[in-house]
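All remarks here apply to the structure that follows.
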Amino acid sequence: MNPSCALEVNGLSIKFGDFTAVDDVSFCVRKGEIFGFLGANGAGKTTTIRMLCGLLVPTSGTATVGGLGFGDGGKGIKRIVGYMSQKFTLYNDLTVGENLDFAAGLRKLDPAYAKKRRKELFALTGFDRPLSTMVRALPGGIKQELALSAAMLHDPEIIFLDEPTSGVAPAARARFWDLIRKVTALGKTVIVTTHYMDEAEQCGRIALMRTGRLIALGSPEELKASAFPGPMAELDFNGPPPEGFISGLRKARGLLELSPHGMRWHAAFSGGTEMDSALAGLPAGASRALIKPSLEDVFIRLVEGKER
Amino acid sequence: MINPTLRAFIKKELRQTLRDVRMRVLLFGAPVIQMTVFGLALSTEIKNIKLAVFARPDDAVAERLTERFYASGWFKPVLFSPTDDPYELIDSGRADAVLIAPRDGLGRAAVRGDGRMQLLIDASNATKGRIVEAYAKNIVAAFIAREYGPAPPRPFSFDVRVLYNPAMESSLFLVPGVMSMVICLITIILTAMSLTREREMGTFETIVSAPLSDSEILLGKTLPFILMGLVVAALVMTAAWLIFGVPVRGPLWEFGAASFFFVVTTVSVGTSISSIARTQQQSMLGGFMFLFPAILMSGIMYPVENMPPAVIAVAYLDPLMYFMRLLRNIMLKGGDLHVFLVNMAALALMAAAAAGLAYNRFRQTLN
């Protein structure tokens with residue numbers, strides 16, 4: 001095993017009966033990294049994460065998390081990782097203090113240690129409400145910050161966050177990502193799944209998954225460079241594109257990707273000369289501008305493109 | 001010292017369940033209210049039974065007997081005319097019971113040795129009917145003893161006509177039944193709903209992501225409900241005893257042991273239901289689907305002995321039947337040890353089987 005890896009997966013597959021949820025996946029997550037999983041619903045992100053948290057035993061392949069394998073059915077892994085699942089991880093009908101007490105009880109933490117950790121985590125997250133506050137009275141963003149505190153109460157080195165910001169207001173999402181960076185600044189490794197492209201941009205590296213397979217892995221810049229080796233143009237027709245132009249452009253040599261973005265179109269090409277010849281017939285009144293591809297373009301090209 | 005995880009579970013479940021006012025009412029208020037309703041029905045109807053006596057004006061024995069009835073405090077006279085139809089008196093509700101003396105007089109009939117009186121009883125309320133009949137028989141027996149000495153030649157007897165509801169049940173008999181029903185309802189539904197709520201909300205994922213053994217999770221999610229079930233059992237029994245004077249003639253440890261095994265069984269049934277149900281509504285429906293046949297076959301309402309053989313066979317798998325028998329035995333009969341041991345063995349067997357099933361089902365849902 002590579003010593004710089006917090007966790008390492010080789011040829012991992014997880015099957016439920018005949019259904020292969022995760023298919024021959026290999027990757028390494030470096031210590032202290034923010035590692036993102038990106039993919040549509042049902043792509044296998046949550047299954048992979050649940051396995052890495054020790055909740056599922058892989059059908060084949062090997063996985064080591066924090067140096068531990070699955071010889072004990074995942075119990076050792078459960079002890080050393082923190083996991084914040086997709087849905088509610090706190091009880092709305094308990095107070096903040098009662099929720100944290102229960103989280104400490106689940107992991108048999110010494111009460112004095114749990115209290116010390118609680119104070120540390122409240123300082124980290126900036127939580128300053130009374131312990132007697134009912135969780136249901138907290139705003140969504142604060143609730144998720146508290147859920148992260150509960151998941152980190154036992155001071156895990158590796159923390160898994162499954163769509164931690166779904167249903168959270170944009171300002172609170174930004175706050176939560178600040179918190180994630182603070183956590184990795186402490187030397188912790190964070191593995192996070194998300195649907196939001198702007199969040200994926202903030203990850204150190206991203207694993208792109210589609211129907212159980214890992215189809216791309218790299219930093220946001222690397223993914224953009226490998227998906228779009230040539231230039232990308234944004235076309236603005238100042239209205240609907242002329243009849244037949246788009247269908248003609250689709251047949252152009254060297255076109256990698258053509259997709260509508262609101263009123264405009266993004267067209268990617270394998271090289272500059274291909275772009276120039278394909279766009280030579282651009283109607284009058286239309287304009288083109290060279291742009292840098294976004295992660296959304298990458299996602300469309302790599303994930304949705306293959307489904308066409 | 002108890003496992004810290006189990007202690008955390010117990011604290012959490014108690015807080016969650018007891019914080020909600022509706023839950024507190026359901027848990028502690030509803031059983032007492034149900035018992036109260038039964039208890040009141042039992043005590044108020046004993047008095048003021050409207051009795052009409054049809055006898056010749058010169059029948060001195062019948063007159064003395066009538067006086068005994070009214071002097072008992074249970075019966076009160078009804079205004080009627082001798083030409084009224086006795087059946088019509090009961091039909092219209094003007095009388096609860098009608099006593100009809102022989103045509104030629106009770107005294108003369110008694111001398112002849114065939115003093116058959118007719119007693120009509122309105123048993124549309126079964127409880128009332130049974131009580132009226134018992135009272136009437138007691139009064140007549142006492143009257144005979146007084147008039148004719150300790151060894152009476154059975155000078156007269158009753159020809160009892162129980163109207164409208166020939167199969168009678170008494171409320172005293174029903175109270176232990178209601179107790180077992182209420183305990184069953186609360187434990188099964190509470191357990192099943194709590195488990196499915198965790199699954200529905202997603203909090204269960206957090207529990208299983210902690211380094212716990214399967215049995216720790218299962219115990220953590222069931223022990224709190226076993227404790228609450230036992231508290232409810234004690235509460236309901238105290239209510240039955242304090243408010244309605246249902247006796248507790250047997251030893252308390254028998255009651256405790258019976259309650260423990262019964263609650264373990266029902267909590268296990270609730271756990272098994274939750275392993276099938278996907279939503280809280282489904283768990284609740286599942287709970288009732290178990291509960292209704294369990295109540296009907298337990299003998300709380302209808303004697304098991306009267307059921308067809310196939311149904312009796314199923315009734316022997318009904319934990320409610322054993323618990324109800326144990327309760328009746330302990331509360332009303334003084335807890336005869338043989339009856340206790342036989343039913344207790346059966347109930348313990350059920351508890352073990354149900355707990356085994358729950359453990360298996362629960363493990364399957366974990367993996």
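Simple scheme: letters A, B, ... for chains in structure tokens order, numbers from 1 for residues in each chain, numbers from 1 for ligands in the order shown.
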Only residues of chain A matter here; which ones have an atom within 6 Å of chain B, counting only C-alpha atoms? Give them as a PDB file with N, CA, C and O atoms, in the first residue's frame.
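New file iface_14.pdb:
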```pdb
ATOM      1  N   LYS A  75     -15.745  -3.723  11.056  1.00  0.00           N
ATOM      2  CA  LYS A  75     -15.921  -3.091  12.358  1.00  0.00           C
ATOM      3  C   LYS A  75     -14.751  -2.175  12.715  1.00  0.00           C
ATOM      4  O   LYS A  75     -14.941  -1.088  13.275  1.00  0.00           O
ATOM      5  N   LYS A  78     -15.117   1.025  10.823  1.00  0.00           N
ATOM      6  CA  LYS A  78     -16.153   1.865  11.436  1.00  0.00           C
ATOM      7  C   LYS A  78     -15.585   2.669  12.598  1.00  0.00           C
ATOM      8  O   LYS A  78     -16.000   3.790  12.850  1.00  0.00           O
ATOM      9  N   ARG A  79     -14.639   2.050  13.315  1.00  0.00           N
ATOM     10  CA  ARG A  79     -14.102   2.693  14.503  1.00  0.00           C
ATOM     11  C   ARG A  79     -13.275   3.932  14.153  1.00  0.00           C
ATOM     12  O   ARG A  79     -13.275   4.902  14.894  1.00  0.00           O
ATOM     13  N   LYS A  87     -29.052  11.310   4.443  1.00  0.00           N
ATOM     14  CA  LYS A  87     -30.288  11.801   5.054  1.00  0.00           C
ATOM     15  C   LYS A  87     -29.977  12.407   6.420  1.00  0.00           C
ATOM     16  O   LYS A  87     -28.839  12.691   6.741  1.00  0.00           O
ATOM     17  N   PHE A  88     -31.015  12.562   7.242  1.00  0.00           N
ATOM     18  CA  PHE A  88     -30.803  13.131   8.571  1.00  0.00           C
ATOM     19  C   PHE A  88     -29.881  12.231   9.374  1.00  0.00           C
ATOM     20  O   PHE A  88     -30.054  11.026   9.406  1.00  0.00           O
ATOM     21  N   THR A  89     -28.912  12.821  10.009  1.00  0.00           N
ATOM     22  CA  THR A  89     -28.097  12.015  10.908  1.00  0.00           C
ATOM     23  C   THR A  89     -28.344  12.437  12.346  1.00  0.00           C
ATOM     24  O   THR A  89     -27.835  11.846  13.275  1.00  0.00           O
ATOM     25  N   PHE A 102     -25.855  10.967  22.564  1.00  0.00           N
ATOM     26  CA  PHE A 102     -26.164   9.690  21.936  1.00  0.00           C
ATOM     27  C   PHE A 102     -25.040   9.270  20.986  1.00  0.00           C
ATOM     28  O   PHE A 102     -24.625   8.106  20.980  1.00  0.00           O
ATOM     29  N   GLY A 105     -22.377   7.940  23.031  1.00  0.00           N
ATOM     30  CA  GLY A 105     -22.742   6.624  23.558  1.00  0.00           C
ATOM     31  C   GLY A 105     -22.586   5.540  22.513  1.00  0.00           C
ATOM     32  O   GLY A 105     -22.155   4.426  22.816  1.00  0.00           O
ATOM     33  N   LEU A 106     -22.956   5.852  21.264  1.00  0.00           N
ATOM     34  CA  LEU A 106     -22.839   4.873  20.180  1.00  0.00           C
ATOM     35  C   LEU A 106     -21.402   4.402  20.032  1.00  0.00           C
ATOM     36  O   LEU A 106     -21.145   3.258  19.678  1.00  0.00           O
ATOM     37  N   LYS A 108     -19.166   4.651  22.523  1.00  0.00           N
ATOM     38  CA  LYS A 108     -18.663   4.340  23.861  1.00  0.00           C
ATOM     39  C   LYS A 108     -17.540   5.294  24.266  1.00  0.00           C
ATOM     40  O   LYS A 108     -16.526   4.888  24.837  1.00  0.00           O
TER      41      LYS A 108
END
```
DSSP on the backbone: what in segment 117-173 of chain A comes out helix (DSSP H, G or I), as a PyMOL selection string?
-> chain A and resi 117-125+135-137+140-151+170-173
Got a sec: who's within 12 Å of Gly256 of chain B, counting only C-alpha atoms, leaving out chain neighbours fewer than 5 positions off, as a PDB file with all heavy atoms, in the first residue's frame?
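New file selection-v4.pdb:
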```
ATOM      1  N   LEU B 227     -38.584  -1.884  28.782  1.00  0.00           N
ATOM      2  CA  LEU B 227     -38.712  -1.152  30.049  1.00  0.00           C
ATOM      3  C   LEU B 227     -40.016  -0.364  30.092  1.00  0.00           C
ATOM      4  O   LEU B 227     -40.766  -0.427  31.073  1.00  0.00           O
ATOM      5  CB  LEU B 227     -37.529  -0.198  30.228  1.00  0.00           C
ATOM      6  CG  LEU B 227     -36.185  -0.851  30.513  1.00  0.00           C
ATOM      7  CD1 LEU B 227     -35.098   0.199  30.647  1.00  0.00           C
ATOM      8  CD2 LEU B 227     -36.275  -1.673  31.798  1.00  0.00           C
ATOM      9  N   GLY B 229     -42.716  -0.895  28.406  1.00  0.00           N
ATOM     10  CA  GLY B 229     -43.832  -1.842  28.470  1.00  0.00           C
ATOM     11  C   GLY B 229     -44.064  -2.316  29.897  1.00  0.00           C
ATOM     12  O   GLY B 229     -45.214  -2.422  30.352  1.00  0.00           O
ATOM     13  N   LEU B 230     -42.973  -2.584  30.628  1.00  0.00           N
ATOM     14  CA  LEU B 230     -43.116  -3.051  32.010  1.00  0.00           C
ATOM     15  C   LEU B 230     -43.713  -1.955  32.895  1.00  0.00           C
ATOM     16  O   LEU B 230     -44.544  -2.232  33.767  1.00  0.00           O
ATOM     17  CB  LEU B 230     -41.759  -3.504  32.554  1.00  0.00           C
ATOM     18  CG  LEU B 230     -41.245  -4.807  31.942  1.00  0.00           C
ATOM     19  CD1 LEU B 230     -39.853  -5.131  32.452  1.00  0.00           C
ATOM     20  CD2 LEU B 230     -42.195  -5.952  32.243  1.00  0.00           C
ATOM     21  N   VAL B 231     -43.294  -0.714  32.641  1.00  0.00           N
ATOM     22  CA  VAL B 231     -43.846   0.399  33.424  1.00  0.00           C
ATOM     23  C   VAL B 231     -45.350   0.522  33.153  1.00  0.00           C
ATOM     24  O   VAL B 231     -46.155   0.683  34.076  1.00  0.00           O
ATOM     25  CB  VAL B 231     -43.111   1.717  33.083  1.00  0.00           C
ATOM     26  CG1 VAL B 231     -43.834   2.901  33.705  1.00  0.00           C
ATOM     27  CG2 VAL B 231     -41.680   1.665  33.576  1.00  0.00           C
ATOM     28  N   VAL B 232     -45.717   0.410  31.875  1.00  0.00           N
ATOM     29  CA  VAL B 232     -47.138   0.500  31.533  1.00  0.00           C
ATOM     30  C   VAL B 232     -47.905  -0.649  32.190  1.00  0.00           C
ATOM     31  O   VAL B 232     -49.005  -0.451  32.721  1.00  0.00           O
ATOM     32  CB  VAL B 232     -47.329   0.491  30.002  1.00  0.00           C
ATOM     33  CG1 VAL B 232     -48.789   0.292  29.639  1.00  0.00           C
ATOM     34  CG2 VAL B 232     -46.834   1.801  29.412  1.00  0.00           C
ATOM     35  N   ALA B 233     -47.316  -1.838  32.193  1.00  0.00           N
ATOM     36  CA  ALA B 233     -47.984  -2.986  32.812  1.00  0.00           C
ATOM     37  C   ALA B 233     -48.251  -2.715  34.292  1.00  0.00           C
ATOM     38  O   ALA B 233     -49.363  -2.936  34.791  1.00  0.00           O
ATOM     39  CB  ALA B 233     -47.120  -4.239  32.644  1.00  0.00           C
ATOM     40  N   ALA B 234     -47.233  -2.194  34.977  1.00  0.00           N
ATOM     41  CA  ALA B 234     -47.403  -1.899  36.403  1.00  0.00           C
ATOM     42  C   ALA B 234     -48.451  -0.816  36.608  1.00  0.00           C
ATOM     43  O   ALA B 234     -49.294  -0.899  37.512  1.00  0.00           O
ATOM     44  CB  ALA B 234     -46.062  -1.454  37.000  1.00  0.00           C
ATOM     45  N   MET B 237     -51.951  -2.170  35.981  1.00  0.00           N
ATOM     46  CA  MET B 237     -52.408  -3.036  37.059  1.00  0.00           C
ATOM     47  C   MET B 237     -52.773  -2.219  38.288  1.00  0.00           C
ATOM     48  O   MET B 237     -53.792  -2.472  38.935  1.00  0.00           O
ATOM     49  CB  MET B 237     -51.347  -4.062  37.422  1.00  0.00           C
ATOM     50  CG  MET B 237     -51.923  -5.126  38.324  1.00  0.00           C
ATOM     51  SD  MET B 237     -50.687  -6.173  39.070  1.00  0.00           S
ATOM     52  CE  MET B 237     -49.963  -5.038  40.218  1.00  0.00           C
ATOM     53  N   GLY B 250     -52.794 -12.938  43.605  1.00  0.00           N
ATOM     54  CA  GLY B 250     -51.575 -13.732  43.503  1.00  0.00           C
ATOM     55  C   GLY B 250     -50.355 -12.896  43.845  1.00  0.00           C
ATOM     56  O   GLY B 250     -50.447 -11.694  44.031  1.00  0.00           O
ATOM     57  N   PRO B 251     -49.173 -13.550  43.919  1.00  0.00           N
ATOM     58  CA  PRO B 251     -47.948 -12.825  44.255  1.00  0.00           C
ATOM     59  C   PRO B 251     -47.519 -11.892  43.125  1.00  0.00           C
ATOM     60  O   PRO B 251     -47.724 -12.192  41.949  1.00  0.00           O
ATOM     61  CB  PRO B 251     -46.925 -13.932  44.471  1.00  0.00           C
ATOM     62  CG  PRO B 251     -47.481 -15.135  43.790  1.00  0.00           C
ATOM     63  CD  PRO B 251     -48.967 -14.998  43.766  1.00  0.00           C
ATOM     64  N   PHE B 261     -41.998 -11.636  30.226  1.00  0.00           N
ATOM     65  CA  PHE B 261     -41.953 -12.509  29.052  1.00  0.00           C
ATOM     66  C   PHE B 261     -42.933 -12.049  27.985  1.00  0.00           C
ATOM     67  O   PHE B 261     -42.665 -12.132  26.784  1.00  0.00           O
ATOM     68  CB  PHE B 261     -42.207 -13.961  29.450  1.00  0.00           C
ATOM     69  CG  PHE B 261     -40.994 -14.606  30.042  1.00  0.00           C
ATOM     70  CD1 PHE B 261     -40.908 -14.849  31.396  1.00  0.00           C
ATOM     71  CD2 PHE B 261     -39.916 -14.941  29.240  1.00  0.00           C
ATOM     72  CE1 PHE B 261     -39.778 -15.422  31.950  1.00  0.00           C
ATOM     73  CE2 PHE B 261     -38.777 -15.517  29.778  1.00  0.00           C
ATOM     74  CZ  PHE B 261     -38.711 -15.752  31.142  1.00  0.00           C
ATOM     75  N   PHE B 262     -44.079 -11.529  28.419  1.00  0.00           N
ATOM     76  CA  PHE B 262     -45.051 -11.064  27.437  1.00  0.00           C
ATOM     77  C   PHE B 262     -44.504  -9.850  26.684  1.00  0.00           C
ATOM     78  O   PHE B 262     -44.589  -9.766  25.459  1.00  0.00           O
ATOM     79  CB  PHE B 262     -46.370 -10.709  28.127  1.00  0.00           C
ATOM     80  CG  PHE B 262     -47.420 -10.244  27.164  1.00  0.00           C
ATOM     81  CD1 PHE B 262     -47.900 -11.094  26.182  1.00  0.00           C
ATOM     82  CD2 PHE B 262     -47.919  -8.957  27.228  1.00  0.00           C
ATOM     83  CE1 PHE B 262     -48.869 -10.675  25.281  1.00  0.00           C
ATOM     84  CE2 PHE B 262     -48.881  -8.520  26.330  1.00  0.00           C
ATOM     85  CZ  PHE B 262     -49.358  -9.385  25.360  1.00  0.00           C
ATOM     86  N   VAL B 263     -43.923  -8.912  27.412  1.00  0.00           N
ATOM     87  CA  VAL B 263     -43.414  -7.697  26.771  1.00  0.00           C
ATOM     88  C   VAL B 263     -42.244  -8.031  25.845  1.00  0.00           C
ATOM     89  O   VAL B 263     -42.121  -7.465  24.756  1.00  0.00           O
ATOM     90  CB  VAL B 263     -43.034  -6.651  27.846  1.00  0.00           C
ATOM     91  CG1 VAL B 263     -42.263  -5.512  27.236  1.00  0.00           C
ATOM     92  CG2 VAL B 263     -44.275  -6.111  28.514  1.00  0.00           C
ATOM     93  N   PHE B 323     -50.839 -14.759  28.221  1.00  0.00           N
ATOM     94  CA  PHE B 323     -50.678 -13.656  29.158  1.00  0.00           C
ATOM     95  C   PHE B 323     -52.014 -13.350  29.841  1.00  0.00           C
ATOM     96  O   PHE B 323     -52.068 -13.129  31.058  1.00  0.00           O
ATOM     97  CB  PHE B 323     -50.161 -12.420  28.425  1.00  0.00           C
ATOM     98  CG  PHE B 323     -49.856 -11.268  29.343  1.00  0.00           C
ATOM     99  CD1 PHE B 323     -49.004 -11.431  30.422  1.00  0.00           C
ATOM    100  CD2 PHE B 323     -50.416 -10.020  29.122  1.00  0.00           C
ATOM    101  CE1 PHE B 323     -48.714 -10.370  31.261  1.00  0.00           C
ATOM    102  CE2 PHE B 323     -50.131  -8.958  29.960  1.00  0.00           C
ATOM    103  CZ  PHE B 323     -49.285  -9.130  31.031  1.00  0.00           C
ATOM    104  N   LEU B 326     -52.649 -15.922  32.379  1.00  0.00           N
ATOM    105  CA  LEU B 326     -51.791 -15.686  33.539  1.00  0.00           C
ATOM    106  C   LEU B 326     -52.349 -14.553  34.387  1.00  0.00           C
ATOM    107  O   LEU B 326     -52.431 -14.656  35.612  1.00  0.00           O
ATOM    108  CB  LEU B 326     -50.370 -15.351  33.074  1.00  0.00           C
ATOM    109  CG  LEU B 326     -49.531 -16.547  32.630  1.00  0.00           C
ATOM    110  CD1 LEU B 326     -48.322 -16.106  31.839  1.00  0.00           C
ATOM    111  CD2 LEU B 326     -49.095 -17.361  33.840  1.00  0.00           C
ATOM    112  N   LEU B 327     -52.772 -13.484  33.726  1.00  0.00           N
ATOM    113  CA  LEU B 327     -53.302 -12.333  34.471  1.00  0.00           C
ATOM    114  C   LEU B 327     -54.563 -12.716  35.242  1.00  0.00           C
ATOM    115  O   LEU B 327     -54.714 -12.392  36.416  1.00  0.00           O
ATOM    116  CB  LEU B 327     -53.623 -11.189  33.507  1.00  0.00           C
ATOM    117  CG  LEU B 327     -52.469 -10.302  33.084  1.00  0.00           C
ATOM    118  CD1 LEU B 327     -52.996  -9.120  32.300  1.00  0.00           C
ATOM    119  CD2 LEU B 327     -51.700  -9.807  34.288  1.00  0.00           C
ATOM    120  N   ILE B 330     -53.561 -14.822  38.118  1.00  0.00           N
ATOM    121  CA  ILE B 330     -52.872 -14.109  39.196  1.00  0.00           C
ATOM    122  C   ILE B 330     -53.820 -13.136  39.894  1.00  0.00           C
ATOM    123  O   ILE B 330     -53.891 -13.079  41.124  1.00  0.00           O
ATOM    124  CB  ILE B 330     -51.646 -13.350  38.640  1.00  0.00           C
ATOM    125  CG1 ILE B 330     -50.604 -14.344  38.125  1.00  0.00           C
ATOM    126  CG2 ILE B 330     -51.042 -12.451  39.707  1.00  0.00           C
ATOM    127  CD1 ILE B 330     -49.574 -13.734  37.221  1.00  0.00           C
ATOM    128  N   MET B 344     -46.789 -20.016  31.858  1.00  0.00           N
ATOM    129  CA  MET B 344     -45.522 -19.293  31.850  1.00  0.00           C
ATOM    130  C   MET B 344     -44.531 -19.993  30.929  1.00  0.00           C
ATOM    131  O   MET B 344     -43.801 -19.330  30.176  1.00  0.00           O
ATOM    132  CB  MET B 344     -44.981 -19.277  33.280  1.00  0.00           C
ATOM    133  CG  MET B 344     -43.966 -18.248  33.519  1.00  0.00           C
ATOM    134  SD  MET B 344     -44.658 -16.633  33.260  1.00  0.00           S
ATOM    135  CE  MET B 344     -43.169 -15.734  33.326  1.00  0.00           C
TER     136      MET B 344
END
```
Shell of 9 Å around Ser259 of chain A, only C-alpha atoms, local chain residues under 5 positions omitted, as a ChimeraX atom specification = /A:264-267,297,300
Extract, using only C-alpha atoms, all DNA, RNA and protein residues at most 10 Å from Leu146 of chain A, discarding same-chain residues fewer than 6 positions from it, and format them as a PyMOL selection string.
-> chain A and resi 89-90+96+99-100+121-122+125-127+135+138+140+152
As a list in words, which residues of segment 121-324 of chain B does DSSP assign to strand (DSSP E)?
-> Ile121, Asp122, Phe156, Ser157, Phe158, Asp159, Val160, Arg161, Val162 and Leu163 of chain B
So that I can check the surroundings of segment 162-175 of chain A, please list as a PDB file with N, CA and C atoms, in the first residue's frame every protein, DNA and RNA residue that reaches within 8 Å of it, counting only C-alpha atoms and ignoring chain neighbours fewer than 6 positions away.
```pdb
ATOM      1  N   THR A  46     -22.772   6.531  -3.425  1.00  0.00           N
ATOM      2  CA  THR A  46     -23.135   6.212  -2.043  1.00  0.00           C
ATOM      3  C   THR A  46     -22.717   4.790  -1.683  1.00  0.00           C
ATOM      4  N   ILE A  49     -19.062   4.790  -0.934  1.00  0.00           N
ATOM      5  CA  ILE A  49     -18.799   5.417   0.367  1.00  0.00           C
ATOM      6  C   ILE A  49     -19.221   4.512   1.518  1.00  0.00           C
ATOM      7  N   TYR A  83     -18.666   9.310   9.459  1.00  0.00           N
ATOM      8  CA  TYR A  83     -19.563   9.197   8.308  1.00  0.00           C
ATOM      9  C   TYR A  83     -20.805  10.022   8.545  1.00  0.00           C
ATOM     10  N   MET A  84     -21.071  10.887   7.592  1.00  0.00           N
ATOM     11  CA  MET A  84     -22.296  11.682   7.655  1.00  0.00           C
ATOM     12  C   MET A  84     -23.115  11.272   6.449  1.00  0.00           C
ATOM     13  N   SER A  85     -24.199  10.552   6.693  1.00  0.00           N
ATOM     14  CA  SER A  85     -24.946   9.980   5.561  1.00  0.00           C
ATOM     15  C   SER A  85     -25.817  11.046   4.910  1.00  0.00           C
ATOM     16  N   GLN A  86     -26.394  10.611   3.793  1.00  0.00           N
ATOM     17  CA  GLN A  86     -27.174  11.494   2.938  1.00  0.00           C
ATOM     18  C   GLN A  86     -28.371  12.124   3.643  1.00  0.00           C
ATOM     19  N   GLY A 140     -31.113  24.842   8.447  1.00  0.00           N
ATOM     20  CA  GLY A 140     -30.536  23.696   7.745  1.00  0.00           C
ATOM     21  C   GLY A 140     -29.021  23.663   7.748  1.00  0.00           C
ATOM     22  N   GLY A 141     -28.396  24.808   7.498  1.00  0.00           N
ATOM     23  CA  GLY A 141     -26.940  24.838   7.424  1.00  0.00           C
ATOM     24  C   GLY A 141     -26.298  24.521   8.760  1.00  0.00           C
ATOM     25  N   ILE A 142     -26.854  25.090   9.828  1.00  0.00           N
ATOM     26  CA  ILE A 142     -26.312  24.851  11.173  1.00  0.00           C
ATOM     27  C   ILE A 142     -26.494  23.379  11.544  1.00  0.00           C
ATOM     28  N   GLN A 144     -26.448  20.860   9.562  1.00  0.00           N
ATOM     29  CA  GLN A 144     -25.435  20.045   8.900  1.00  0.00           C
ATOM     30  C   GLN A 144     -24.067  20.231   9.572  1.00  0.00           C
ATOM     31  N   VAL A 192     -16.078  13.459  -0.167  1.00  0.00           N
ATOM     32  CA  VAL A 192     -17.384  14.097  -0.219  1.00  0.00           C
ATOM     33  C   VAL A 192     -18.062  13.800  -1.552  1.00  0.00           C
ATOM     34  N   THR A 193     -19.364  13.574  -1.524  1.00  0.00           N
ATOM     35  CA  THR A 193     -20.105  13.460  -2.783  1.00  0.00           C
ATOM     36  C   THR A 193     -20.959  14.707  -2.935  1.00  0.00           C
ATOM     37  N   THR A 194     -21.183  15.081  -4.178  1.00  0.00           N
ATOM     38  CA  THR A 194     -21.991  16.278  -4.403  1.00  0.00           C
ATOM     39  C   THR A 194     -22.645  16.230  -5.778  1.00  0.00           C
ATOM     40  N   HIS A 195     -23.692  17.038  -5.897  1.00  0.00           N
ATOM     41  CA  HIS A 195     -24.346  17.244  -7.185  1.00  0.00           C
ATOM     42  C   HIS A 195     -23.965  18.589  -7.771  1.00  0.00           C
TER      43      HIS A 195
END
```
Tell me, as a ChimeraX atom specification, which residues lie within 12 Å of segment 214-217 of chain A, counting only C-alpha atoms; anything in the same chain fewer than 2 positions away does not count.
-> /A:9-13,21-29,35-39,43-45,48,203-212,219-227,298-299,301-306
Atom CA of Met350 of chain B to atom CA of Ala239 of chain B: how many Å, to one decimal?
-> 27.4 Å
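The space between atom CA of Asp155 of chain A and atom CA of Phe176 of chain A spans 18.3 Å.
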For Met289 of chain B, the closest of B:Leu185, B:Ala345, B:Thr191, B:Leu18 counting only C-alpha atoms is B:Leu185
